[in-house]
Amino acid sequence: MDKNDDKNTNDKNVNTEKNSTEVKFEGSAKTSSTIKFEGSDKKVSKVVKLQNKNQDEKPQIKDKNINEEKVVETTETNLTKDEEHKNNENKPQLKVIDGKKSESKNLNKKRPKNKIDTKEKTEVKNSEEKNDNKEQKPKKVKKKKIEPPKKASNIKKLKAMKPTKKQLKSFVKQNKTSIIAVIAIFVLILLSFLFNAKNIIKIGEKQVMFYKEYSMSSKADFYVNGDDIYYVSKDGMLYLDKKGQTLWSDTFTMAAPYMLNDGGYAAVADSSSKIINVYDKTGRLYQITAAGEITTFAINPLGCCAVVCKVGDDYRVDVYSNTGETMFECARASKDGIPLGIDISDDGSIVSISLVDYSDIKIKSSVLFYYTSKADAQSIESSDGLVSAIEVPEAIAAIVKFTPDNYCIVASDTSIMNIDCSSVNAFKKEWEKTFDNYVTAFNIVNSKEIAVAYGEAVNITDEKAQAQENTIHWYNLKGRETGSAKADNRIDYISSSSYGTIIGANKDFVAYTSRGRELWKYSAVQNIKEMKFYNSVDRVLLIGTTKMQLLDVKKGVTMQEADMEKNTEVTTQAKTTESTTGA
């Protein structure tokens with residue numbers, strides 16, 4: 001088709017309709033599209049013919065679903081230059097895609113008359129070749145951004161109202177209690193945060209003042225006497241100063257030494273033997289050779305020693321002065337009961353013995369009191385010096401302990417009681433405290449208070465007793481409770497002195513006052529047998545199975561044992577110059 005034919009065709013299709021331009025798209029015999037443009041001064045009608053690669057007049061479409069891009073050829077009318085320029089600026093150029101209209105991107109570009117850009121021809125060819133092989137990808141639809149609603153112009157910003165001094169004073173006065181409570185809570189939270197951030201420290205070699213190593217088979221035991229330490233093993237006794245230096249030593253051989261102490265004196269006896277050695281800070285005072293195998297013994301603050309030994313089938317009780325001389329002796333038949341506990345009063349005038357009778361179906365105990373001097377025994381017309389006897393039915397009375405004012409505490413598995421021995425010939429029970437729980441540990445605190453550790457409830461339906469499980473309670477000598485504390489585990493160890501009470505629960509050791517206030521806590525890694533105060537709240541003896549350490553501890557903190565075993569072999573010779581033979 002040449003240019004003249006195009007022009008004639010355009011002239012035939014011109015229609016004069018007012019204020020409208022009609023464009024007809026002729027693509028096939030069946031379909032056509034008509035678009036009207038409003039606002040044109042001239043009445044122009046244009047017939048748009050679709051170009052096809054293989055045909056001049058009618059394009060061939062292989063598939064209706066295939067989107068083919070086609071370029072529209074337009075013929076321009078013979079208008080004036082001014083009108084042509086005006087129409088070219090206002091008139092959008094169109095492309096037809098599958099019978100739908102779209103605006104061309106190049107709206108402002110002018111085209112030469114009756115010519116098609118070679119670039120557009122190339123695009124037509126390329127698009128048709130691509131559409132022969134695959135479908136055209138659908139265009140992505142951009143999501144419109146949702147703009148926030150505009151603020152209303154008639155809304156004004158509210159200004160903060162500043163209260164007057166009078167209003168502030170009134171508010172504070174009305175809410176004084178609440179404000180104080182809030183401030184107090186804030187301060188407590190702050191203090192607890194600061195405290196918990198720093199209350200856990202590691203205990204290592206820096207805190208160890210000195211230590212002693214020994215073998216596990218040495219049966220080592222320690223007793224603090226002021227600044228000095230009694231150190232006993234199966235091979236002898238050492239007396240150490242605060243630097244760990246040996247002041248004196250005593251050599252002996254015992255299979256399983258057991259040490260008791262009171263008032264600066266220490267007595268050491270061997271199991272299944274007849275020998276007892278008594279010491280003070282100067283060395284050995286005297287040695288006792290009992291009439292039979294020693295079953296139990298005691299020592300008082302004067303250095304007097306009371307001993308129970310088995311002779312044949314019966315038992316014998318002997319009391320010795322601080323020079324080793326016999327003060328008192330008596331025999332007890334085994335049919336009366338087996339002696340479990342013994343103690344001697346602080347002035348040495350009275351000895352008490354607890355007997356347990358297993359011969360009947362129900363167990364029963366009794367506590368016997370004797371005068372040690374013959375003159376006192378004659379005053380009551382007693383041949384053996386027996387003053388009084390207290391019955392403890394259905395219980396095992398295993399502990400008897402005198403206090404400085406001649407009261408005697410009797411502890412059994414069911415109760416504790418205090419016996420008044422101060423009145424001549426008139427001993428009587430002052431008070432008794434019955435246990436609702438099984439007792440796991442017991443200790444006399446500085447001869448002034450009693451510390452009792454409770455285990456499981458005797459009656460499983462007793463809620464109060466269940467609440468007391470794994471607790472420690474302190475009682476004064478009048479039987480009144482002075483304090484208590486709760487442990488995380490079963491309490492199986494109690495050590496006490498004038499500085500406080502140390503309890504052991506598994507590998508955790510906690511120091512308390514007798515009011516139940518925690519002083520410090522120590523978490524051990526190794527197995528610890530005992531922990532004892534050393535002349536201060538801030539120093540303790542840590543006694544393990546193979547090593548004793550004198551530690552500096554810090555009040556109000558939780559201490560965790562560091563791994564100190566790595567440097568032990570290197571520093572042993574530097575810190576410890578003395579050791580027991582064969583230990």
# chains A, B, ... in the order shown; residues from 1 in each chain; ligands from 1

call {"tool": "closest_atom_pairs", "arguments": {"of": "range 219-325 of chain A", "to": "range 494-506 of chain A", "cutoff": "12 Å", "atoms": "only C-alpha atoms", "output": "tab-separated table"}}
result
residue	atom	partner	partner_atom	distance
A:Tyr223	CA	A:Ser495	CA	11.3
A:Val224	CA	A:Ser497	CA	10.0
A:Asn225	CA	A:Ser497	CA	11.1
A:Gly226	CA	A:Ser497	CA	11.2
A:Asp262	CA	A:Ser497	CA	11.1
A:Gly263	CA	A:Ser497	CA	11.5

call {"tool": "write_last_selection", "arguments": {"atoms": "N, CA and C atoms", "output": "tab-separated table (two decimals), in the first residue's frame"}}
result
chain	number	residue	atom	x	y	z
A	223	TYR	N	40.56	-28.55	116.69
A	223	TYR	CA	39.81	-27.81	117.70
A	223	TYR	C	40.46	-26.45	117.89
A	224	VAL	N	39.65	-25.39	117.84
A	224	VAL	CA	40.16	-24.03	117.95
A	224	VAL	C	40.18	-23.63	119.42
A	225	ASN	N	41.32	-23.14	119.88
A	225	ASN	CA	41.49	-22.66	121.26
A	225	ASN	C	42.07	-21.25	121.20
A	226	GLY	N	41.18	-20.25	121.11
A	226	GLY	CA	41.65	-18.88	120.96
A	226	GLY	C	42.29	-18.68	119.60
A	262	ASP	N	36.65	-28.49	125.76
A	262	ASP	CA	35.84	-27.53	126.53
A	262	ASP	C	36.80	-26.62	127.29
A	263	GLY	N	36.58	-25.32	127.18
A	263	GLY	CA	37.33	-24.35	127.97
A	263	GLY	C	38.83	-24.38	127.80

call {"tool": "residues_around", "arguments": {"residues": "range 378-394 of chain A", "least_positions_apart": "6", "cutoff": "10 Å", "atoms": "only C-alpha atoms", "output": "ChimeraX atom specification"}}
result
/A:328-331,350-357,361-372,410-415,417,419,421,424-429

call {"tool": "write_last_selection", "arguments": {"atoms": "C-alpha atoms", "output": "CSV table (one decimal), in the first residue's frame"}}
result
chain,number,residue,atom,x,y,z
A,328,PHE,CA,34.4,-40.6,141.7
A,329,GLU,CA,33.6,-44.1,140.7
A,330,CYS,CA,30.5,-46.3,140.6
A,331,ALA,CA,29.3,-49.4,138.8
A,350,ILE,CA,28.0,-33.4,139.6
A,351,VAL,CA,28.2,-36.1,136.9
A,352,SER,CA,25.1,-37.1,134.8
A,353,ILE,CA,24.6,-40.3,132.9
A,354,SER,CA,21.9,-41.2,130.4
A,355,LEU,CA,20.8,-44.9,130.2
A,356,VAL,CA,18.7,-46.5,127.5
A,357,ASP,CA,16.7,-49.6,128.3
A,361,ILE,CA,8.9,-53.7,123.9
A,362,LYS,CA,8.9,-49.9,124.3
A,363,ILE,CA,12.2,-48.2,124.7
A,364,LYS,CA,12.7,-46.0,127.7
A,365,SER,CA,15.5,-43.8,129.0
A,366,SER,CA,16.5,-42.4,132.3
A,367,VAL,CA,19.0,-39.8,133.4
A,368,LEU,CA,21.0,-40.3,136.7
A,369,PHE,CA,22.7,-37.6,138.7
A,370,TYR,CA,25.6,-38.3,141.1
A,371,TYR,CA,27.6,-36.2,143.5
A,372,THR,CA,31.3,-36.7,142.8
A,410,VAL,CA,18.8,-33.6,128.2
A,411,ALA,CA,18.2,-34.2,124.5
A,412,SER,CA,16.3,-37.2,123.1
A,413,ASP,CA,14.9,-38.1,119.7
A,414,THR,CA,11.5,-36.7,120.8
A,415,SER,CA,12.2,-33.7,123.1
A,417,MET,CA,14.3,-30.7,128.6
A,419,ILE,CA,16.9,-30.0,134.6
A,421,CYS,CA,20.5,-29.1,139.5
A,424,VAL,CA,20.6,-29.3,147.0
A,425,ASN,CA,18.9,-32.7,147.0
A,426,ALA,CA,16.0,-31.3,144.9
A,427,PHE,CA,16.7,-31.8,141.2
A,428,LYS,CA,13.6,-31.2,139.0
A,429,LYS,CA,12.6,-30.7,135.4

call {"tool": "residues_around", "arguments": {"residues": "range 514-522 of chain A", "least_positions_apart": "3", "cutoff": "8 Å", "atoms": "only C-alpha atoms", "output": "ChimeraX atom specification"}}
result
/A:449,473-474,482-485,500-501,508-511,554-561

call {"tool": "select_by_dssp", "arguments": {"residues": "range 530-564 of chain A", "states": "strand (DSSP E or B)", "output": "MDAnalysis selection string"}}
result
chainID A and resid 530:533 539:544 547:552 558:561

call {"tool": "write_last_selection", "arguments": {"atoms": "N, CA and C atoms", "output": "mmCIF file, in the first residue's frame"}}
result
data_model
loop_
_atom_site.group_PDB
_atom_site.id
_atom_site.type_symbol
_atom_site.label_atom_id
_atom_site.label_comp_id
_atom_site.auth_asym_id
_atom_site.auth_seq_id
_atom_site.Cartn_x
_atom_site.Cartn_y
_atom_site.Cartn_z
ATOM 1 N N GLU A 530 33.842 -30.586 108.249
ATOM 2 C CA GLU A 530 33.484 -29.622 109.282
ATOM 3 C C GLU A 530 33.900 -28.215 108.869
ATOM 4 N N MET A 531 33.220 -27.240 109.460
ATOM 5 C CA MET A 531 33.612 -25.843 109.332
ATOM 6 C C MET A 531 33.403 -25.184 110.691
ATOM 7 N N LYS A 532 34.461 -24.530 111.207
ATOM 8 C CA LYS A 532 34.419 -23.959 112.553
ATOM 9 C C LYS A 532 34.922 -22.527 112.533
ATOM 10 N N PHE A 533 34.332 -21.682 113.375
ATOM 11 C CA PHE A 533 34.825 -20.312 113.525
ATOM 12 C C PHE A 533 36.237 -20.332 114.117
ATOM 13 N N ARG A 539 36.714 -15.460 109.986
ATOM 14 C CA ARG A 539 37.731 -16.487 109.751
ATOM 15 C C ARG A 539 37.189 -17.846 110.188
ATOM 16 N N VAL A 540 37.462 -18.843 109.363
ATOM 17 C CA VAL A 540 36.956 -20.185 109.656
ATOM 18 C C VAL A 540 38.019 -21.227 109.337
ATOM 19 N N LEU A 541 37.879 -22.367 110.018
ATOM 20 C CA LEU A 541 38.641 -23.558 109.655
ATOM 21 C C LEU A 541 37.774 -24.396 108.733
ATOM 22 N N LEU A 542 38.286 -24.685 107.549
ATOM 23 C CA LEU A 542 37.591 -25.527 106.584
ATOM 24 C C LEU A 542 38.293 -26.880 106.591
ATOM 25 N N ILE A 543 37.608 -27.897 107.096
ATOM 26 C CA ILE A 543 38.224 -29.207 107.304
ATOM 27 C C ILE A 543 37.660 -30.187 106.287
ATOM 28 N N GLY A 544 38.519 -30.614 105.368
ATOM 29 C CA GLY A 544 38.135 -31.587 104.360
ATOM 30 C C GLY A 544 38.683 -32.960 104.676
ATOM 31 N N LYS A 547 42.615 -32.132 103.638
ATOM 32 C CA LYS A 547 43.263 -30.837 103.842
ATOM 33 C C LYS A 547 42.439 -29.952 104.765
ATOM 34 N N MET A 548 43.156 -29.232 105.651
ATOM 35 C CA MET A 548 42.542 -28.212 106.491
ATOM 36 C C MET A 548 43.040 -26.855 106.024
ATOM 37 N N GLN A 549 42.119 -25.874 105.921
ATOM 38 C CA GLN A 549 42.489 -24.532 105.486
ATOM 39 C C GLN A 549 41.935 -23.499 106.463
ATOM 40 N N LEU A 550 42.749 -22.508 106.749
ATOM 41 C CA LEU A 550 42.284 -21.360 107.524
ATOM 42 C C LEU A 550 41.960 -20.257 106.530
ATOM 43 N N LEU A 551 40.675 -19.891 106.455
ATOM 44 C CA LEU A 551 40.205 -18.975 105.416
ATOM 45 C C LEU A 551 39.758 -17.648 105.999
ATOM 46 N N ASP A 552 39.988 -16.600 105.223
ATOM 47 C CA ASP A 552 39.355 -15.304 105.470
ATOM 48 C C ASP A 552 38.034 -15.291 104.720
ATOM 49 N N THR A 558 27.959 -14.467 99.577
ATOM 50 C CA THR A 558 27.970 -15.889 99.265
ATOM 51 C C THR A 558 29.307 -16.214 98.626
ATOM 52 N N MET A 559 30.033 -17.127 99.226
ATOM 53 C CA MET A 559 31.364 -17.490 98.737
ATOM 54 C C MET A 559 31.305 -18.835 98.029
ATOM 55 N N GLN A 560 31.977 -18.906 96.909
ATOM 56 C CA GLN A 560 32.054 -20.145 96.156
ATOM 57 C C GLN A 560 33.501 -20.597 96.100
ATOM 58 N N GLU A 561 33.700 -21.861 96.382
ATOM 59 C CA GLU A 561 35.054 -22.390 96.411
ATOM 60 C C GLU A 561 35.614 -22.478 95.000
#

call {"tool": "residues_around", "arguments": {"residues": "range 256-261 of chain A", "least_positions_apart": "6", "cutoff": "10 Å", "atoms": "only C-alpha atoms", "output": "VMD selection string"}}
result
chain A and resid 217 to 225 230 to 236 267 to 273 276 to 280 297 to 301 303

call {"tool": "write_last_selection", "arguments": {"atoms": "N, CA and C atoms", "output": "short mmCIF file (atom, residue, chain, number, x, y, z; two decimals), in the first residue's frame"}}
result
data_model
loop_
_atom_site.label_atom_id
_atom_site.label_comp_id
_atom_site.auth_asym_id
_atom_site.auth_seq_id
_atom_site.Cartn_x
_atom_site.Cartn_y
_atom_site.Cartn_z
N SER A 217 43.37 -41.45 105.50
CA SER A 217 43.38 -42.46 106.56
C SER A 217 43.93 -41.94 107.88
N SER A 218 44.35 -40.68 107.91
CA SER A 218 44.97 -40.14 109.13
C SER A 218 43.96 -39.84 110.22
N LYS A 219 42.65 -39.77 109.89
CA LYS A 219 41.59 -39.48 110.85
C LYS A 219 41.83 -38.14 111.55
N ALA A 220 42.21 -37.13 110.77
CA ALA A 220 42.56 -35.83 111.34
C ALA A 220 41.33 -35.12 111.90
N ASP A 221 41.56 -34.38 113.00
CA ASP A 221 40.51 -33.58 113.62
C ASP A 221 41.15 -32.33 114.21
N PHE A 222 40.33 -31.25 114.35
CA PHE A 222 40.87 -29.96 114.77
C PHE A 222 39.95 -29.33 115.81
N TYR A 223 40.56 -28.55 116.69
CA TYR A 223 39.81 -27.81 117.70
C TYR A 223 40.46 -26.45 117.89
N VAL A 224 39.65 -25.39 117.84
CA VAL A 224 40.16 -24.03 117.95
C VAL A 224 40.18 -23.63 119.42
N ASN A 225 41.32 -23.14 119.88
CA ASN A 225 41.49 -22.66 121.26
C ASN A 225 42.07 -21.25 121.20
N TYR A 230 44.33 -27.11 118.05
CA TYR A 230 44.70 -28.50 118.31
C TYR A 230 44.51 -29.29 117.02
N TYR A 231 45.55 -30.03 116.62
CA TYR A 231 45.49 -30.82 115.39
C TYR A 231 45.88 -32.26 115.75
N VAL A 232 44.90 -33.16 115.74
CA VAL A 232 45.13 -34.54 116.13
C VAL A 232 44.98 -35.46 114.93
N SER A 233 45.80 -36.48 114.90
CA SER A 233 45.70 -37.53 113.89
C SER A 233 46.03 -38.86 114.56
N LYS A 234 46.00 -39.91 113.81
CA LYS A 234 46.28 -41.23 114.39
C LYS A 234 47.73 -41.37 114.84
N ASP A 235 48.60 -40.42 114.44
CA ASP A 235 50.01 -40.48 114.79
C ASP A 235 50.40 -39.50 115.89
N GLY A 236 49.49 -38.66 116.36
CA GLY A 236 49.85 -37.77 117.44
C GLY A 236 49.06 -36.48 117.44
N ALA A 267 40.56 -33.60 125.15
CA ALA A 267 40.76 -35.00 125.54
C ALA A 267 40.64 -35.86 124.29
N VAL A 268 41.59 -36.78 124.11
CA VAL A 268 41.63 -37.63 122.92
C VAL A 268 41.59 -39.09 123.38
N ALA A 269 40.65 -39.84 122.83
CA ALA A 269 40.53 -41.27 123.14
C ALA A 269 40.48 -42.06 121.85
N ASP A 270 40.91 -43.30 121.94
CA ASP A 270 40.87 -44.19 120.79
C ASP A 270 39.70 -45.15 120.95
N SER A 271 39.05 -45.45 119.83
CA SER A 271 37.95 -46.40 119.89
C SER A 271 38.48 -47.79 120.22
N SER A 272 37.71 -48.48 121.03
CA SER A 272 38.08 -49.84 121.44
C SER A 272 39.41 -49.89 122.18
N SER A 273 39.71 -48.84 122.96
CA SER A 273 40.94 -48.84 123.76
C SER A 273 40.63 -48.36 125.17
N ILE A 276 43.08 -42.52 127.40
CA ILE A 276 42.63 -41.14 127.12
C ILE A 276 43.77 -40.20 127.47
N ASN A 277 44.10 -39.30 126.54
CA ASN A 277 45.10 -38.25 126.78
C ASN A 277 44.39 -36.91 126.94
N VAL A 278 44.77 -36.15 127.97
CA VAL A 278 44.17 -34.84 128.24
C VAL A 278 45.24 -33.77 128.06
N TYR A 279 44.90 -32.68 127.29
CA TYR A 279 45.87 -31.63 126.94
C TYR A 279 45.32 -30.26 127.30
N ASP A 280 46.26 -29.34 127.52
CA ASP A 280 45.94 -27.92 127.52
C ASP A 280 46.94 -27.24 126.59
N PHE A 297 32.98 -40.60 126.89
CA PHE A 297 33.71 -39.78 127.87
C PHE A 297 33.33 -38.33 127.70
N ALA A 298 33.78 -37.46 128.63
CA ALA A 298 33.48 -36.03 128.60
C ALA A 298 34.58 -35.28 129.33
N ILE A 299 34.67 -33.96 129.04
CA ILE A 299 35.63 -33.09 129.72
C ILE A 299 34.95 -31.77 130.04
N ASN A 300 35.31 -31.15 131.15
CA ASN A 300 34.68 -29.88 131.55
C ASN A 300 35.70 -28.74 131.45
N PRO A 301 35.28 -27.49 131.66
CA PRO A 301 36.19 -26.34 131.51
C PRO A 301 37.34 -26.32 132.51
N GLY A 303 39.15 -29.09 133.16
CA GLY A 303 40.06 -30.15 132.77
C GLY A 303 39.76 -31.47 133.42
#
